[in-house]
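Dropping start.txt in here (compact mmCIF, C-alpha atoms):
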# COMPACT_ATOMS: atom_id res chain seq x y z
CA MET A 1 161.15 80.06 97.28
CA LYS A 2 158.46 82.55 98.25
CA ALA A 3 159.24 83.31 101.89
CA VAL A 4 162.11 83.55 104.37
CA ILE A 5 161.56 82.82 108.06
CA PHE A 6 164.09 84.27 110.49
CA ASP A 7 165.12 82.98 113.86
CA LEU A 8 165.75 85.89 116.25
CA ASP A 9 168.63 85.20 118.62
CA GLY A 10 171.91 85.11 116.71
CA VAL A 11 170.28 85.87 113.36
CA VAL A 12 168.51 89.24 113.63
CA VAL A 13 170.06 90.40 116.91
CA ASP A 14 172.46 88.97 119.46
CA THR A 15 170.07 88.64 122.38
CA ALA A 16 171.71 85.29 123.15
CA LYS A 17 174.34 87.15 125.20
CA TYR A 18 171.62 88.53 127.48
CA HIS A 19 170.08 85.08 127.94
CA TYR A 20 173.53 83.80 128.87
CA LEU A 21 174.15 86.59 131.38
CA ALA A 22 170.74 86.01 132.97
CA TRP A 23 171.35 82.25 133.29
CA ARG A 24 174.83 82.90 134.67
CA LYS A 25 173.40 85.26 137.30
CA LEU A 26 170.81 82.66 138.31
CA ALA A 27 173.45 79.93 138.50
CA GLY A 28 175.63 82.13 140.71
CA GLU A 29 172.70 82.60 143.08
CA LEU A 30 172.30 78.83 143.18
CA GLY A 31 175.96 78.42 144.09
CA PHE A 32 177.65 77.24 140.91
CA GLU A 33 179.35 78.64 137.83
CA PHE A 34 177.71 78.58 134.40
CA ASP A 35 180.18 79.57 131.68
CA ILE A 36 180.01 80.30 127.95
CA SER A 37 180.93 76.71 127.01
CA HIS A 38 177.90 75.39 128.92
CA ASN A 39 175.74 77.97 127.16
CA GLU A 40 176.19 76.29 123.76
CA ARG A 41 173.69 73.62 124.83
CA LEU A 42 170.97 76.25 125.31
CA LYS A 43 170.83 77.46 121.71
CA GLY A 44 167.38 77.09 120.19
CA VAL A 45 165.74 75.32 123.12
CA SER A 46 162.84 76.39 125.33
CA ARG A 47 163.15 78.24 128.64
CA MET A 48 162.22 75.23 130.79
CA GLU A 49 164.49 72.89 128.86
CA SER A 50 167.27 75.47 129.23
CA LEU A 51 166.63 75.58 132.97
CA ASN A 52 166.96 71.80 133.17
CA ILE A 53 170.31 71.99 131.38
CA VAL A 54 171.51 74.74 133.71
CA LEU A 55 170.45 72.76 136.79
CA GLU A 56 172.12 69.64 135.41
CA THR A 57 175.33 71.63 134.92
CA GLY A 58 175.27 72.62 138.57
CA GLY A 59 174.22 69.20 139.83
CA VAL A 60 171.02 70.64 141.28
CA LYS A 61 168.40 67.90 141.80
CA GLY A 62 165.14 67.25 143.56
CA LEU A 63 163.33 70.48 142.72
CA THR A 64 159.56 70.47 142.33
CA GLU A 65 157.97 71.72 139.13
CA GLU A 66 156.77 74.78 141.04
CA GLU A 67 160.30 75.54 142.23
CA LYS A 68 161.60 75.13 138.67
CA GLN A 69 158.95 77.50 137.35
CA ASP A 70 159.93 80.07 139.98
CA LEU A 71 163.57 79.83 138.87
CA ALA A 72 162.64 80.14 135.18
CA ASP A 73 160.52 83.20 135.96
CA ARG A 74 163.39 84.74 137.97
CA LYS A 75 165.78 84.23 135.07
CA ASN A 76 163.27 85.78 132.69
CA ARG A 77 162.96 88.86 134.90
CA TYR A 78 166.75 89.26 134.77
CA TYR A 79 166.70 88.88 130.98
CA LEU A 80 163.90 91.41 130.49
CA GLN A 81 165.75 93.92 132.65
CA MET A 82 168.90 93.43 130.60
CA ILE A 83 167.23 93.99 127.21
CA GLN A 84 165.38 97.17 128.13
CA GLY A 85 168.05 99.26 126.46
CA ILE A 86 168.35 97.20 123.28
CA GLY A 87 168.07 99.22 120.06
CA GLU A 88 168.74 99.38 116.33
CA SER A 89 172.50 99.51 116.85
CA GLU A 90 172.37 95.86 117.96
CA ILE A 91 170.84 94.51 114.75
CA LEU A 92 173.41 92.06 113.37
CA PRO A 93 175.54 93.08 110.37
CA GLY A 94 173.89 92.78 106.97
CA ILE A 95 170.39 92.03 108.24
CA PRO A 96 168.75 95.33 107.18
CA GLU A 97 170.24 94.97 103.69
CA PHE A 98 169.22 91.32 103.46
CA ILE A 99 165.64 92.09 104.48
CA ALA A 100 165.45 95.03 102.05
CA GLY A 101 166.75 92.84 99.23
CA LEU A 102 164.22 90.11 99.99
CA LYS A 103 161.35 92.59 100.05
CA GLU A 104 162.52 94.08 96.75
CA LYS A 105 162.40 90.61 95.19
CA GLY A 106 158.85 90.09 96.49
CA TYR A 107 159.60 87.57 99.23
CA LYS A 108 157.41 87.44 102.32
CA ILE A 109 159.33 87.43 105.60
CA ALA A 110 158.42 86.15 109.04
CA LEU A 111 159.91 85.71 112.48
CA GLY A 112 159.99 82.19 113.91
CA SER A 113 161.42 82.38 117.41
CA ALA A 114 161.05 80.33 120.58
CA SER A 115 161.55 83.51 122.61
CA LYS A 116 158.41 84.89 124.25
CA SER A 117 160.03 88.31 123.90
CA GLY A 118 160.39 88.04 120.12
CA GLY A 119 157.69 90.52 119.14
CA MET A 120 158.74 93.01 121.81
CA ILE A 121 162.38 92.88 120.69
CA LEU A 122 161.43 93.53 117.06
CA GLU A 123 159.52 96.59 118.27
CA LYS A 124 162.63 97.85 120.06
CA LEU A 125 164.69 97.25 116.92
CA LYS A 126 162.07 99.13 114.85
CA LEU A 127 161.71 96.05 112.64
CA ALA A 128 158.24 94.83 113.65
CA GLY A 129 156.52 96.65 110.78
CA VAL A 130 158.87 95.08 108.23
CA PHE A 131 157.84 91.49 109.01
CA ASP A 132 154.74 90.04 107.37
CA ALA A 133 154.22 87.65 110.30
CA ILE A 134 155.67 87.39 113.80
CA VAL A 135 155.52 84.02 115.55
CA ASP A 136 157.19 83.77 118.95
CA GLY A 137 156.93 81.67 122.08
CA ASN A 138 153.59 83.24 122.99
CA LEU A 139 151.95 81.57 119.98
CA VAL A 140 153.48 78.09 120.04
CA ALA A 141 153.76 75.41 122.71
CA ARG A 142 156.48 73.14 121.33
CA ALA A 143 160.14 74.18 121.20
CA LYS A 144 162.65 73.45 118.44
CA PRO A 145 163.63 70.91 117.14
CA ASP A 146 159.86 70.54 116.81
CA PRO A 147 158.94 72.46 113.63
CA GLN A 148 155.80 74.08 115.11
CA VAL A 149 157.17 77.64 115.20
CA PHE A 150 158.23 77.56 111.54
CA VAL A 151 155.14 75.73 110.31
CA THR A 152 152.96 78.26 112.13
CA ALA A 153 154.88 81.13 110.51
CA ALA A 154 154.32 79.56 107.07
CA GLU A 155 150.62 79.21 107.84
CA PHE A 156 150.42 82.88 108.84
CA LEU A 157 152.08 83.80 105.54
CA LYS A 158 149.74 81.42 103.66
CA ILE A 159 152.75 79.91 101.91
CA PRO A 160 153.46 76.14 101.75
CA CYS A 161 156.37 74.95 103.88
CA GLU A 162 158.23 73.65 100.85
CA ASN A 163 158.33 77.22 99.50
CA CYS A 164 159.95 78.62 102.66
CA THR A 165 163.59 79.04 103.64
CA VAL A 166 164.58 79.33 107.30
CA VAL A 167 167.61 81.29 108.53
CA GLU A 168 169.00 79.76 111.73
CA ASP A 169 172.12 79.75 113.89
CA ALA A 170 171.29 76.72 116.07
CA LYS A 171 171.42 72.98 115.40
CA ALA A 172 167.94 72.55 116.94
CA GLY A 173 166.62 75.21 114.57
CA ILE A 174 168.12 73.48 111.53
CA GLU A 175 166.48 70.23 112.64
CA ALA A 176 163.15 72.04 113.09
CA ALA A 177 163.30 73.56 109.61
CA LYS A 178 164.08 70.19 108.05
CA ALA A 179 161.31 68.49 110.04
CA GLY A 180 158.92 71.09 108.65
CA GLY A 181 159.95 70.36 105.06
CA MET A 182 161.74 73.69 104.56
CA ARG A 183 165.09 74.69 103.14
CA CYS A 184 167.52 76.13 105.64
CA VAL A 185 170.42 78.56 105.72
CA GLY A 186 172.74 78.14 108.70
CA VAL A 187 174.70 81.06 110.15
CA GLY A 188 177.83 80.25 112.13
CA ASN A 189 179.70 77.04 112.92
CA ARG A 190 179.84 74.96 109.73
CA GLU A 191 180.36 71.65 111.49
CA MET A 192 177.49 72.20 113.92
CA LEU A 193 175.14 73.43 111.17
CA LYS A 194 176.19 71.01 108.43
CA ALA A 195 172.63 69.70 107.98
CA ALA A 196 171.60 73.08 106.53
CA ASP A 197 171.35 73.47 102.75
CA ILE A 198 173.72 76.44 102.84
CA VAL A 199 175.99 77.64 105.65
CA VAL A 200 177.53 81.11 105.90
CA ASP A 201 180.02 82.30 108.50
CA SER A 202 178.11 85.44 109.46
CA THR A 203 174.93 87.42 108.82
CA ALA A 204 176.97 89.87 106.75
CA GLU A 205 177.10 87.20 104.00
CA LEU A 206 173.34 86.67 103.75
CA LYS A 207 172.62 89.40 101.19
CA GLY A 208 174.77 87.52 98.68
CA LEU A 209 172.36 84.57 98.85
CA ILE A 210 169.25 86.41 97.62
CA GLU A 211 169.76 85.31 94.02
CA VAL A 212 170.16 81.63 94.95
CA LEU A 213 167.32 81.14 97.44
Here is a file; write its structure as C-alpha cells.
Amino acid sequence: MKAVIFDLDGVVVDTAKYHYLAWRKLAGELGFEFDISHNERLKGVSRMESLNIVLETGGVKGLTEEEKQDLADRKNRYYLQMIQGIGESEILPGIPEFIAGLKEKGYKIALGSASKSGGMILEKLKLAGVFDAIVDGNLVARAKPDPQVFVTAAEFLKIPCENCTVVEDAKAGIEAAKAGGMRCVGVGNREMLKAADIVVDSTAELKGLIEVL
C-alpha cells in the first residue's frame, strides 16, 4: 500500500450528526418525524438521494425536481449553519495519531468524501494542510457506491487504485472502494461493514493497523 483515502463523516469527524439534525428539522417542517433509525439509510449517499429517502420516509410524493432542489438547498443551509462552530475538538479519537503514523511511514493521504463541504470542514479542523489531496462533492458527480470519488483521489495522488486503502464507516463507501479495486478498512458495525478487508470498532483502533496496511 502507498496511500490511504479517508471518508470524512464518521471517520475523520462526526459531521453525520449535523446532517441528521438538519434532515430532522426539514422533516419536521414538512409535517413528519425523521428519527435516528431512519438516518442509517443516509450514510454515504448523495444529498439528492438522501432527500428522496427522507421524503419516502414521510410519504411525501408528487414534488417537482425544482421543489426537491429547493428542499435540498434548505437542508444544506441548516447544515452549514450547524457546522459553523466545528473545530479540532471534534476530530474523532485516534485520527491525528493515525495520520501522523501514516505520514511517518511515507504514505500519501487523501480525502474522498461525497460532502460538498469536505474541504471547508478540513479547514475548520486545521487538517487541510495535512492531506495530499482533497476530493469532495464539488469535484465529482457520482455518489457512492460509485467509486468515482476514490478513483479521483487516487488519480490526484498519482497512485494506482490497487495501491490504495480506503477508510470508511458506510456500506456504500465499502462498496465504492471495492468497485474501484482498492482495499478497505471499515469503522463501526461489523455486520454492516463485513465486505471490508478489515473492520475495527472505532477510529481509536486505526493506529494499530499501520503495520499491516
**OP:** Mind checking which residues fall within 9 Å of Trp23 in chain A, counting all atoms listed in the file, ignoring those fewer than 2 positions away in the same chain, and posting them as number ranges by chain?
**Re:** A: 18-21, 25-28, 34, 39, 50-51, 54, 75-76, 78-79
**OP:** Could you jot down the CA of Ala110 in chain A to CA of Gly129 in chain A separation for me, Å, one decimal place?
**Re:**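 CA of Gly129 in chain A lies 10.8 Å from CA of Ala110 in chain A.
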Original post:
When you draw a straight line from CA of Pro96 in chain A to CA of Lys17 in chain A, how long is it in Å?
Top reply: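 Answer for the CA of Pro96 in chain A to CA of Lys17 in chain A separation: 20.6 Å.
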So that I can see what lies close to Ala172 in chain A, please list as an mmCIF file with C-alpha atoms, keeping the file's coordinate frame the residues with an atom at most 9 Å from it, counting only C-alpha atoms and leaving out residues fewer than 3 positions away in the same chain.
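What follows is the written file selection-v6.cif:
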data_model
loop_
_atom_site.group_PDB
_atom_site.id
_atom_site.type_symbol
_atom_site.label_atom_id
_atom_site.label_comp_id
_atom_site.auth_asym_id
_atom_site.auth_seq_id
_atom_site.Cartn_x
_atom_site.Cartn_y
_atom_site.Cartn_z
ATOM 1 C CA LYS A 43 170.830 77.460 121.710
ATOM 2 C CA GLY A 44 167.380 77.090 120.190
ATOM 3 C CA VAL A 45 165.740 75.320 123.120
ATOM 4 C CA LYS A 144 162.650 73.450 118.440
ATOM 5 C CA PRO A 145 163.630 70.910 117.140
ATOM 6 C CA ASP A 146 159.860 70.540 116.810
ATOM 7 C CA GLU A 168 169.000 79.760 111.730
ATOM 8 C CA ASP A 169 172.120 79.750 113.890
ATOM 9 C CA GLU A 175 166.480 70.230 112.640
ATOM 10 C CA ALA A 176 163.150 72.040 113.090
ATOM 11 C CA ALA A 177 163.300 73.560 109.610
#
Subject >> Option closest in space to Val149 in chain A, from A:Leu30, A:Ile5, A:Val212, A:Ala195 [counting only C-alpha atoms] >> reply: A:Ile5
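CA of Ile121 in chain A lies 16.7 Å from CA of Arg47 in chain A.
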**OP:** Would you mind telling me which residue in A:Leu102, A:Met192, A:Leu127, A:Ala143 lies nearest to Lys2 in chain A when using all atoms listed in the file?
**Re:** A:Leu102
**OP:** Compile the contact shell of Asp14 in chain A as a ChimeraX atom specification: residues with an atom at most 8 Å away, counting only C-alpha atoms, same-chain residues fewer than 5 positions apart removed.
**Re:** /A:9,90-92
I'd like a table as CSV: residues in range 134-186 of chain A with an atom no more than 8 Å from range 196-208 of chain A, each row giving the shortest atom pair and its distance in Å to one decimal, only C-alpha atoms counted, sorted by chain and rising residue number.
residue,atom,partner,partner_atom,distance
A:Ile174,CA,A:Ala196,CA,6.1
A:Arg183,CA,A:Asp197,CA,6.4
A:Cys184,CA,A:Ala196,CA,5.2
A:Val185,CA,A:Ile198,CA,4.9
A:Gly186,CA,A:Val199,CA,4.5
Original post:
Taking into account all atoms listed in the file, which residue in the set A:Arg74, A:Lys178, A:Lys126, A:Lys61 is nearest to Val166 in chain A?
Top reply: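 Result for the nearest residue to Val166 in chain A: A:Lys178.
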